[in-house]
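> File model34.pdb follows (PDB, C-alpha atoms):
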MODEL        1
ATOM      1  CA  MET G  29       3.581  27.291  -7.063
ATOM      2  CA  SER G  30      -0.011  26.776  -5.927
ATOM      3  CA  GLU G  31      -0.329  23.768  -3.632
ATOM      4  CA  THR G  32      -4.027  23.500  -4.495
ATOM      5  CA  THR G  33      -3.318  23.328  -8.224
ATOM      6  CA  TYR G  34      -0.478  20.869  -7.634
ATOM      7  CA  ASN G  35      -2.737  18.538  -5.653
ATOM      8  CA  ASN G  36      -5.584  18.907  -8.169
ATOM      9  CA  ILE G  37      -3.223  17.805 -10.930
ATOM     10  CA  LEU G  38      -2.154  14.773  -8.901
ATOM     11  CA  LYS G  39      -5.801  13.814  -8.299
ATOM     12  CA  ALA G  40      -6.576  14.177 -11.989
ATOM     13  CA  ALA G  41      -3.501  12.148 -12.930
ATOM     14  CA  GLU G  42      -4.493   9.400 -10.496
ATOM     15  CA  LYS G  43      -7.897   9.126 -12.137
ATOM     16  CA  CYS G  44      -6.483   9.086 -15.671
ATOM     17  CA  PHE G  45      -3.661   6.622 -14.962
ATOM     18  CA  ALA G  46      -6.015   4.275 -13.118
ATOM     19  CA  HIS G  47      -8.517   4.306 -15.991
ATOM     20  CA  ASP G  48      -6.227   4.218 -19.045
ATOM     21  CA  GLY G  49      -2.915   3.030 -17.621
ATOM     22  CA  PHE G  50       0.420   4.784 -17.838
ATOM     23  CA  ASN G  51       0.918   4.145 -21.554
ATOM     24  CA  GLY G  52      -2.654   5.012 -22.480
ATOM     25  CA  THR G  53      -2.723   8.331 -20.636
ATOM     26  CA  THR G  54      -1.610  11.599 -22.227
ATOM     27  CA  MET G  55      -0.707  14.936 -20.695
ATOM     28  CA  ASP G  56      -3.606  16.416 -22.676
ATOM     29  CA  GLN G  57      -6.031  14.131 -20.832
ATOM     30  CA  ILE G  58      -4.571  15.066 -17.473
ATOM     31  CA  SER G  59      -4.669  18.807 -18.156
ATOM     32  CA  LYS G  60      -8.328  18.581 -19.206
ATOM     33  CA  GLU G  61      -9.234  16.475 -16.169
ATOM     34  CA  ALA G  62      -7.417  18.910 -13.862
ATOM     35  CA  GLY G  63      -8.907  21.970 -15.554
ATOM     36  CA  VAL G  64      -5.546  23.564 -16.294
ATOM     37  CA  SER G  65      -3.771  24.493 -19.504
ATOM     38  CA  LYS G  66      -1.178  22.163 -20.921
ATOM     39  CA  GLY G  67       1.429  24.878 -20.396
ATOM     40  CA  ALA G  68       0.520  25.120 -16.710
ATOM     41  CA  LEU G  69       0.704  21.346 -16.378
ATOM     42  CA  TYR G  70       4.228  21.306 -17.799
ATOM     43  CA  TRP G  71       5.183  24.144 -15.469
ATOM     44  CA  TYR G  72       4.425  21.871 -12.519
ATOM     45  CA  PHE G  73       5.665  18.617 -14.074
ATOM     46  CA  LYS G  74       8.259  18.391 -16.837
ATOM     47  CA  SER G  75       7.013  15.053 -18.153
ATOM     48  CA  LYS G  76       4.419  12.335 -17.748
ATOM     49  CA  GLU G  77       7.080  10.169 -16.124
ATOM     50  CA  GLU G  78       7.845  12.824 -13.506
ATOM     51  CA  LEU G  79       4.140  13.246 -12.741
ATOM     52  CA  PHE G  80       3.742   9.478 -12.402
ATOM     53  CA  VAL G  81       6.679   9.257  -9.995
ATOM     54  CA  LYS G  82       5.442  12.202  -7.900
ATOM     55  CA  LEU G  83       2.035  10.556  -7.652
ATOM     56  CA  LYS G  84       3.626   7.382  -6.301
ATOM     57  CA  GLU G  85       5.751   9.447  -3.922
ATOM     58  CA  LYS G  86       2.579  10.986  -2.507
ATOM     59  CA  ASN G  87       0.955   7.552  -2.138
ATOM     60  CA  VAL G  88       3.980   6.147  -0.314
ATOM     61  CA  ALA G  89       4.000   9.032   2.165
ATOM     62  CA  GLU G  90       0.291   8.540   2.872
ATOM     63  CA  VAL G  91       0.683   4.792   3.454
ATOM     64  CA  LEU G  92       3.584   5.227   5.879
ATOM     65  CA  GLU G  93       1.775   7.993   7.759
ATOM     66  CA  THR G  94      -1.337   5.839   8.115
ATOM     67  CA  LEU G  95       0.636   2.828   9.354
ATOM     68  CA  THR G  96       2.496   4.945  11.889
ATOM     69  CA  LYS G  97      -0.818   6.102  13.361
ATOM     70  CA  LEU G  98      -2.372   2.637  13.347
ATOM     71  CA  PHE G  99       0.674   0.977  14.880
ATOM     72  CA  ALA G 100       0.945   3.238  17.915
ATOM     73  CA  PRO G 101       3.504   1.810  20.395
ATOM     74  CA  MET G 102       0.997   1.341  23.223
ATOM     75  CA  LYS G 103      -1.367  -0.828  21.201
ATOM     76  CA  SER G 104      -1.215  -4.616  21.416
ATOM     77  CA  PHE G 105      -0.121  -6.600  18.370
ATOM     78  CA  ASP G 106      -3.629  -8.091  18.114
ATOM     79  CA  LEU G 107      -5.146  -4.624  17.814
ATOM     80  CA  LYS G 108      -2.505  -3.381  15.400
ATOM     81  CA  LEU G 109      -3.045  -6.343  13.081
ATOM     82  CA  ALA G 110      -6.841  -6.096  13.285
ATOM     83  CA  GLU G 111      -6.940  -2.349  12.592
ATOM     84  CA  ALA G 112      -4.354  -2.422   9.799
ATOM     85  CA  SER G 113      -5.938  -5.375   7.992
ATOM     86  CA  LYS G 114      -9.431  -3.903   8.409
ATOM     87  CA  LEU G 115      -8.294  -0.678   6.775
ATOM     88  CA  TYR G 116      -6.497  -2.540   3.993
ATOM     89  CA  PHE G 117      -9.436  -4.779   3.153
ATOM     90  CA  SER G 118     -11.903  -1.874   3.355
ATOM     91  CA  LEU G 119     -10.042  -0.281   0.445
ATOM     92  CA  LEU G 120     -10.550  -3.338  -1.749
ATOM     93  CA  THR G 121     -14.120  -2.644  -2.775
ATOM     94  CA  PRO G 122     -15.592  -2.264  -6.279
ATOM     95  CA  ARG G 123     -15.453   1.525  -5.916
ATOM     96  CA  GLN G 124     -11.741   1.360  -5.141
ATOM     97  CA  ARG G 125     -10.716  -1.039  -7.898
ATOM     98  CA  ARG G 126      -9.256   1.791  -9.980
ATOM     99  CA  VAL G 127      -6.921   2.692  -7.098
ATOM    100  CA  ALA G 128      -5.668  -0.891  -6.928
ATOM    101  CA  ARG G 129      -5.224  -0.900 -10.706
ATOM    102  CA  LEU G 130      -3.056   2.173 -10.322
ATOM    103  CA  ASN G 131      -0.775   0.188  -8.009
ATOM    104  CA  MET G 132      -0.465  -2.446 -10.723
ATOM    105  CA  GLU G 133       0.486   0.317 -13.173
ATOM    106  CA  PHE G 134       3.252   1.463 -10.855
ATOM    107  CA  TRP G 135       4.626  -2.075 -10.687
ATOM    108  CA  ALA G 136       4.400  -2.575 -14.450
ATOM    109  CA  ALA G 137       6.103   0.724 -15.289
ATOM    110  CA  SER G 138       8.891   0.348 -12.741
ATOM    111  CA  SER G 139      10.998  -1.752 -15.096
ATOM    112  CA  LYS G 140      11.162   1.176 -17.543
ATOM    113  CA  ILE G 141      11.324   4.127 -15.139
ATOM    114  CA  SER G 142      14.417   3.782 -12.972
ATOM    115  CA  GLU G 143      13.353   6.446 -10.461
ATOM    116  CA  LEU G 144      10.058   4.643  -9.929
ATOM    117  CA  ASN G 145      11.849   1.322  -9.523
ATOM    118  CA  ILE G 146      14.082   2.824  -6.845
ATOM    119  CA  MET G 147      11.044   4.301  -5.079
ATOM    120  CA  LEU G 148       9.126   1.014  -5.090
ATOM    121  CA  ASN G 149      12.129  -0.806  -3.669
ATOM    122  CA  ASP G 150      12.519   1.886  -1.035
ATOM    123  CA  GLN G 151       8.822   1.629  -0.162
ATOM    124  CA  TYR G 152       9.067  -2.138   0.174
ATOM    125  CA  ASN G 153      12.159  -1.874   2.366
ATOM    126  CA  LYS G 154      10.496   0.715   4.617
ATOM    127  CA  LEU G 155       7.307  -1.328   4.963
ATOM    128  CA  GLN G 156       9.232  -4.513   5.651
ATOM    129  CA  ALA G 157      11.421  -2.767   8.231
ATOM    130  CA  PHE G 158       8.333  -1.218   9.840
ATOM    131  CA  LEU G 159       6.588  -4.585  10.135
ATOM    132  CA  LYS G 160       9.790  -6.289  11.276
ATOM    133  CA  SER G 161      10.210  -3.739  14.051
ATOM    134  CA  THR G 162       6.567  -4.100  15.091
ATOM    135  CA  ILE G 163       6.874  -7.894  15.220
ATOM    136  CA  GLU G 164      10.084  -7.710  17.235
ATOM    137  CA  GLY G 165       8.388  -5.364  19.681
ATOM    138  CA  ALA G 166       5.547  -7.845  20.119
ATOM    139  CA  ILE G 167       8.045 -10.682  20.679
ATOM    140  CA  GLU G 168       9.845  -8.655  23.350
ATOM    141  CA  LYS G 169       6.522  -8.029  25.113
ATOM    142  CA  GLY G 170       5.775 -11.755  25.078
ATOM    143  CA  GLU G 171       2.796 -11.356  22.728
ATOM    144  CA  LEU G 172       4.356 -13.514  20.016
ATOM    145  CA  ARG G 173       6.523 -16.629  20.111
ATOM    146  CA  LYS G 174      10.191 -15.759  20.613
ATOM    147  CA  GLU G 175      11.426 -18.178  17.922
ATOM    148  CA  ILE G 176       9.589 -16.324  15.139
ATOM    149  CA  ASP G 177      11.869 -14.857  12.481
ATOM    150  CA  SER G 178      10.620 -11.268  12.236
ATOM    151  CA  GLU G 179      12.084 -10.530   8.798
ATOM    152  CA  SER G 180      10.600 -13.667   7.222
ATOM    153  CA  LEU G 181       7.200 -12.970   8.767
ATOM    154  CA  ALA G 182       7.220  -9.377   7.531
ATOM    155  CA  THR G 183       8.021 -10.650   4.025
ATOM    156  CA  ILE G 184       5.197 -13.214   4.157
ATOM    157  CA  LEU G 185       2.639 -10.656   5.349
ATOM    158  CA  LEU G 186       3.529  -8.218   2.547
ATOM    159  CA  ALA G 187       3.471 -10.977  -0.072
ATOM    160  CA  THR G 188       0.059 -12.179   1.135
ATOM    161  CA  LEU G 189      -1.483  -8.731   0.907
ATOM    162  CA  ASP G 190       0.122  -8.000  -2.466
ATOM    163  CA  GLY G 191      -1.131 -11.341  -3.794
ATOM    164  CA  LEU G 192      -4.699 -10.661  -2.695
ATOM    165  CA  GLU G 193      -4.634  -7.242  -4.311
ATOM    166  CA  LEU G 194      -3.187  -8.704  -7.512
ATOM    167  CA  HIS G 195      -5.875 -11.395  -7.783
ATOM    168  CA  TRP G 196      -8.632  -8.921  -6.959
ATOM    169  CA  THR G 197      -7.411  -6.314  -9.437
ATOM    170  CA  ILE G 198      -6.056  -8.162 -12.453
ATOM    171  CA  LEU G 199      -8.196 -11.306 -12.306
ATOM    172  CA  GLU G 200     -11.162  -9.315 -10.928
ATOM    173  CA  LYS G 201     -11.776 -11.915  -8.246
ATOM    174  CA  ASP G 202     -14.442 -10.874  -5.776
ATOM    175  CA  PHE G 203     -13.917 -11.973  -2.207
ATOM    176  CA  ASP G 204     -15.914 -11.797   0.975
ATOM    177  CA  TRP G 205     -13.527  -9.278   2.510
ATOM    178  CA  GLN G 206     -14.984  -9.515   5.986
ATOM    179  CA  GLN G 207     -14.429 -13.271   5.958
ATOM    180  CA  ILE G 208     -10.941 -12.817   4.498
ATOM    181  CA  HIS G 209     -10.155 -10.309   7.244
ATOM    182  CA  ASP G 210     -11.427 -12.578  10.014
ATOM    183  CA  THR G 211      -9.603 -15.643   8.670
ATOM    184  CA  PHE G 212      -6.406 -13.674   8.099
ATOM    185  CA  CYS G 213      -6.317 -12.291  11.643
ATOM    186  CA  ASP G 214      -7.361 -15.566  13.259
ATOM    187  CA  THR G 215      -4.808 -17.652  11.358
ATOM    188  CA  ILE G 216      -1.955 -15.219  11.894
ATOM    189  CA  LEU G 217      -2.607 -14.651  15.566
ATOM    190  CA  ASN G 218      -3.245 -18.291  16.487
ATOM    191  CA  GLY G 219      -0.095 -19.335  14.701
ATOM    192  CA  LEU G 220       2.107 -16.618  16.200
ATOM    193  CA  LYS G 221       0.866 -16.033  19.704
ATOM    194  CA  ALA G 222       3.077 -16.998  22.601
ATOM    195  CA  LYS G 223       1.675 -19.992  24.450
ATOM    196  CA  GLU G 224       0.418 -19.590  28.006
ATOM    197  CA  LYS G 225       2.312 -21.498  30.677
ATOM    198  CA  GLY G 226       1.093 -25.061  30.864
ATOM    199  CA  GLU G 227      -0.535 -24.876  27.432
ATOM    200  CA  ARG G 228       0.461 -27.693  25.081
ATOM    201  CA  LEU G 229       2.370 -26.794  21.915
TER     202      LEU G 229
ENDMDL
END
Re-express the file's structure as structure tokens.


Amino acid sequence: MSETTYNNILKAAEKCFAHDGFNGTTMDQISKEAGVSKGALYWYFKSKEELFVKLKEKNVAEVLETLTKLFAPMKSFDLKLAEASKLYFSLLTPRQRRVARLNMEFWAASSKISELNIMLNDQYNKLQAFLKSTIEGAIEKGELRKEIDSESLATILLATLDGLELHWTILEKDFDWQQIHDTFCDTILNGLKAKEKGERL
């Protein structure tokens, strides 16, 4: 199996699925976009569903790898939040709208593709656990208030980001992402930071 061909097929599939959706995309389209024969395409992927799931699997791995690098243990929570949110919001630009639409396609198809549903749930659980652990680490260091419920906060952060992406993608709402980023970080940090001694609550 050629890794180059495999990755080229995934890139082509990403483009096709983002443009025409899962239901509107055919294996013929993907093979033409990838520059491979239909027979070769089926040699790498047995079905459109399998290709779709493998594409999501690749995306999940990339997201977790990126977060692991951004959330290095030695960094302060302020810096982790600022860097992660800056990266996230930088991806929500007109040029990247097709990528966000692909995420919506994954969500929509998950109710019909059990393997994809399991993967999305696993991704959510991993992201929530990752954020929960990061928050708990910041609480232990005294960066955040000790009474904060880490699991609830992780859930709220994920829901906020998912909601923004949903509005931006499906409703095609255009935001001032720099302002959103600044407000997001300022609101989160001011609401969560541990108070200095003598500072009024």

> Given the choices G:Ala166, G:Ile198, G:Ala157, G:Met102, which gets closest to Glu179 in chain G if the distance is worked out from only C-alpha atoms?

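With only C-alpha atoms as the atom set, the closest residue is G:Ala157.
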
> Considering only C-alpha atoms, return as a compact mmCIF listing (two decimals) with C-alpha atoms, in the frame of the given file whatever protein or nucleic-acid residues lie within 12 Å of Leu189 in chain G, sequence-local ones (same chain, fewer than 4 positions apart) excluded.


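result_5.txt, written as the output of this step:
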# COMPACT_ATOMS: atom_id res chain seq x y z
CA ALA G 112 -4.35 -2.42 9.80
CA SER G 113 -5.94 -5.38 7.99
CA LYS G 114 -9.43 -3.90 8.41
CA TYR G 116 -6.50 -2.54 3.99
CA PHE G 117 -9.44 -4.78 3.15
CA LEU G 120 -10.55 -3.34 -1.75
CA ALA G 128 -5.67 -0.89 -6.93
CA ALA G 182 7.22 -9.38 7.53
CA THR G 183 8.02 -10.65 4.03
CA ILE G 184 5.20 -13.21 4.16
CA LEU G 185 2.64 -10.66 5.35
CA GLU G 193 -4.63 -7.24 -4.31
CA LEU G 194 -3.19 -8.70 -7.51
CA HIS G 195 -5.88 -11.40 -7.78
CA TRP G 196 -8.63 -8.92 -6.96
CA ILE G 208 -10.94 -12.82 4.50
CA HIS G 209 -10.15 -10.31 7.24
CA PHE G 212 -6.41 -13.67 8.10

> One decimal, in Å: what's the spacing between CA of Trp205 in chain G and CA of Ala187 in chain G?

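CA of Ala187 in chain G lies 17.3 Å from CA of Trp205 in chain G.
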
> If the PyMOL selection byres ((chain G and resi 165) around 12) is run on the structure shown, which residues does it catch, given as a list in words?

Phe99, Ala100, Pro101, Met102, Lys103, Ser104, Phe105, Lys108, Phe158, Leu159, Lys160, Ser161, Thr162, Ile163, Glu164, Ala166, Ile167, Glu168, Lys169, Gly170, Glu171, Leu172, Arg173, Lys174, Ile176 and Ser178 of chain G

> Emit the selected residues as a compact mmCIF listing (two decimals), keeping the file's coordinate frame, including C-alpha atoms.


# COMPACT_ATOMS: atom_id res chain seq x y z
CA PHE G 99 0.67 0.98 14.88
CA ALA G 100 0.94 3.24 17.92
CA PRO G 101 3.50 1.81 20.40
CA MET G 102 1.00 1.34 23.22
CA LYS G 103 -1.37 -0.83 21.20
CA SER G 104 -1.22 -4.62 21.42
CA PHE G 105 -0.12 -6.60 18.37
CA LYS G 108 -2.50 -3.38 15.40
CA PHE G 158 8.33 -1.22 9.84
CA LEU G 159 6.59 -4.58 10.14
CA LYS G 160 9.79 -6.29 11.28
CA SER G 161 10.21 -3.74 14.05
CA THR G 162 6.57 -4.10 15.09
CA ILE G 163 6.87 -7.89 15.22
CA GLU G 164 10.08 -7.71 17.24
CA ALA G 166 5.55 -7.84 20.12
CA ILE G 167 8.04 -10.68 20.68
CA GLU G 168 9.85 -8.65 23.35
CA LYS G 169 6.52 -8.03 25.11
CA GLY G 170 5.78 -11.76 25.08
CA GLU G 171 2.80 -11.36 22.73
CA LEU G 172 4.36 -13.51 20.02
CA ARG G 173 6.52 -16.63 20.11
CA LYS G 174 10.19 -15.76 20.61
CA ILE G 176 9.59 -16.32 15.14
CA SER G 178 10.62 -11.27 12.24

> In Å to one decimal, how far is CA of Leu95 in chain G from CA of Phe50 in chain G?

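Separating CA of Phe50 in chain G from CA of Leu95 in chain G is a distance of 27.3 Å.
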
> For a quick check of understanding, using only C-alpha atoms, which of G:Arg126, G:Lys140, G:Lys86, G:Lys39 has the smallest distance to Thr197 in chain G?

G:Arg126

> I'd like the interatomic distance between CA of Val91 in chain G and CA of Leu192 in chain G, to a tenth of an Å.

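We find that CA of Val91 in chain G and CA of Leu192 in chain G lie 17.5 Å from each other.
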
> Counting all atoms listed in the file, which residue out of G:Leu115, G:Ile216, G:Leu83, G:Leu155 sits closest to Ala46 in chain G?

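Comparing G:Leu115, G:Ile216, G:Leu83, G:Leu155 against Ala46 in chain G, the winner is G:Leu83.
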
> Distance table requested - range 77-97 of chain G against range 144-147 of chain G, cut-off 10 Å, only C-alpha atoms: one row per qualifying residue with the closest atom pair and its distance in Å to one decimal, ordered by chain and rising residue number, as a tab-separated table.


residue	atom	partner	partner_atom	distance
G:Glu77	CA	G:Leu144	CA	8.8
G:Glu78	CA	G:Leu144	CA	9.2
G:Phe80	CA	G:Leu144	CA	8.3
G:Val81	CA	G:Leu144	CA	5.7
G:Lys82	CA	G:Leu144	CA	9.1
G:Lys84	CA	G:Leu144	CA	7.9
G:Glu85	CA	G:Met147	CA	7.5
G:Val88	CA	G:Met147	CA	8.7

> Once the PyMOL selection byres ((chain G and resi 30) around 12) has been applied to the shown file, what residues remain in the selection, as a list in words?

Met29, Glu31, Thr32, Thr33, Tyr34, Asn35, Asn36, Ile37, Ala68, Leu69, Trp71 and Tyr72 of chain G

> Nearest residue to Glu111 in chain G out of G:Ser75, G:Thr54, G:Asn218, G:Cys213, using only C-alpha atoms?

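Smallest separation from Glu111 in chain G among the options: G:Cys213.
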
> Would you fill out range 185-206 of chain G with N, CA and C atoms and return it as a compact mmCIF listing (two decimals), in the frame of the given file?


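Once everything was written out, this is part.txt:
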# COMPACT_ATOMS: atom_id res chain seq x y z
N LEU G 185 3.83 -11.50 5.21
CA LEU G 185 2.64 -10.66 5.35
C LEU G 185 2.49 -9.73 4.13
N LEU G 186 3.58 -9.12 3.71
CA LEU G 186 3.53 -8.22 2.55
C LEU G 186 3.16 -8.98 1.28
N ALA G 187 3.75 -10.17 1.12
CA ALA G 187 3.47 -10.98 -0.07
C ALA G 187 2.01 -11.43 -0.10
N THR G 188 1.46 -11.76 1.05
CA THR G 188 0.06 -12.18 1.14
C THR G 188 -0.88 -11.06 0.71
N LEU G 189 -0.63 -9.88 1.23
CA LEU G 189 -1.48 -8.73 0.91
C LEU G 189 -1.34 -8.33 -0.56
N ASP G 190 -0.10 -8.33 -1.05
CA ASP G 190 0.12 -8.00 -2.47
C ASP G 190 -0.57 -9.01 -3.38
N GLY G 191 -0.50 -10.29 -2.99
CA GLY G 191 -1.13 -11.34 -3.79
C GLY G 191 -2.63 -11.19 -3.85
N LEU G 192 -3.25 -10.87 -2.72
CA LEU G 192 -4.70 -10.66 -2.70
C LEU G 192 -5.10 -9.49 -3.59
N GLU G 193 -4.33 -8.42 -3.49
CA GLU G 193 -4.63 -7.24 -4.31
C GLU G 193 -4.46 -7.56 -5.79
N LEU G 194 -3.44 -8.33 -6.13
CA LEU G 194 -3.19 -8.70 -7.51
C LEU G 194 -4.34 -9.53 -8.07
N HIS G 195 -4.77 -10.54 -7.34
CA HIS G 195 -5.88 -11.40 -7.78
C HIS G 195 -7.17 -10.60 -7.92
N TRP G 196 -7.39 -9.71 -6.97
CA TRP G 196 -8.63 -8.92 -6.96
C TRP G 196 -8.66 -7.92 -8.12
N THR G 197 -7.48 -7.36 -8.42
CA THR G 197 -7.41 -6.31 -9.44
C THR G 197 -7.32 -6.86 -10.85
N ILE G 198 -6.32 -7.68 -11.09
CA ILE G 198 -6.06 -8.16 -12.45
C ILE G 198 -7.05 -9.25 -12.87
N LEU G 199 -7.28 -10.21 -11.98
CA LEU G 199 -8.20 -11.31 -12.31
C LEU G 199 -9.65 -10.96 -11.99
N GLU G 200 -9.84 -9.80 -11.32
CA GLU G 200 -11.16 -9.32 -10.93
C GLU G 200 -11.92 -10.35 -10.10
N LYS G 201 -11.17 -10.98 -9.18
CA LYS G 201 -11.78 -11.92 -8.25
C LYS G 201 -12.49 -11.14 -7.15
N ASP G 202 -13.70 -11.53 -6.85
CA ASP G 202 -14.44 -10.87 -5.78
C ASP G 202 -14.44 -11.77 -4.55
N PHE G 203 -14.02 -11.22 -3.44
CA PHE G 203 -13.92 -11.97 -2.21
C PHE G 203 -14.90 -11.43 -1.18
N ASP G 204 -15.19 -12.25 -0.20
CA ASP G 204 -15.91 -11.80 0.98
C ASP G 204 -14.85 -11.21 1.90
N TRP G 205 -14.65 -9.90 1.82
CA TRP G 205 -13.53 -9.28 2.51
C TRP G 205 -13.63 -9.36 4.03
N GLN G 206 -14.84 -9.37 4.55
CA GLN G 206 -14.98 -9.52 5.99
C GLN G 206 -14.50 -10.89 6.43
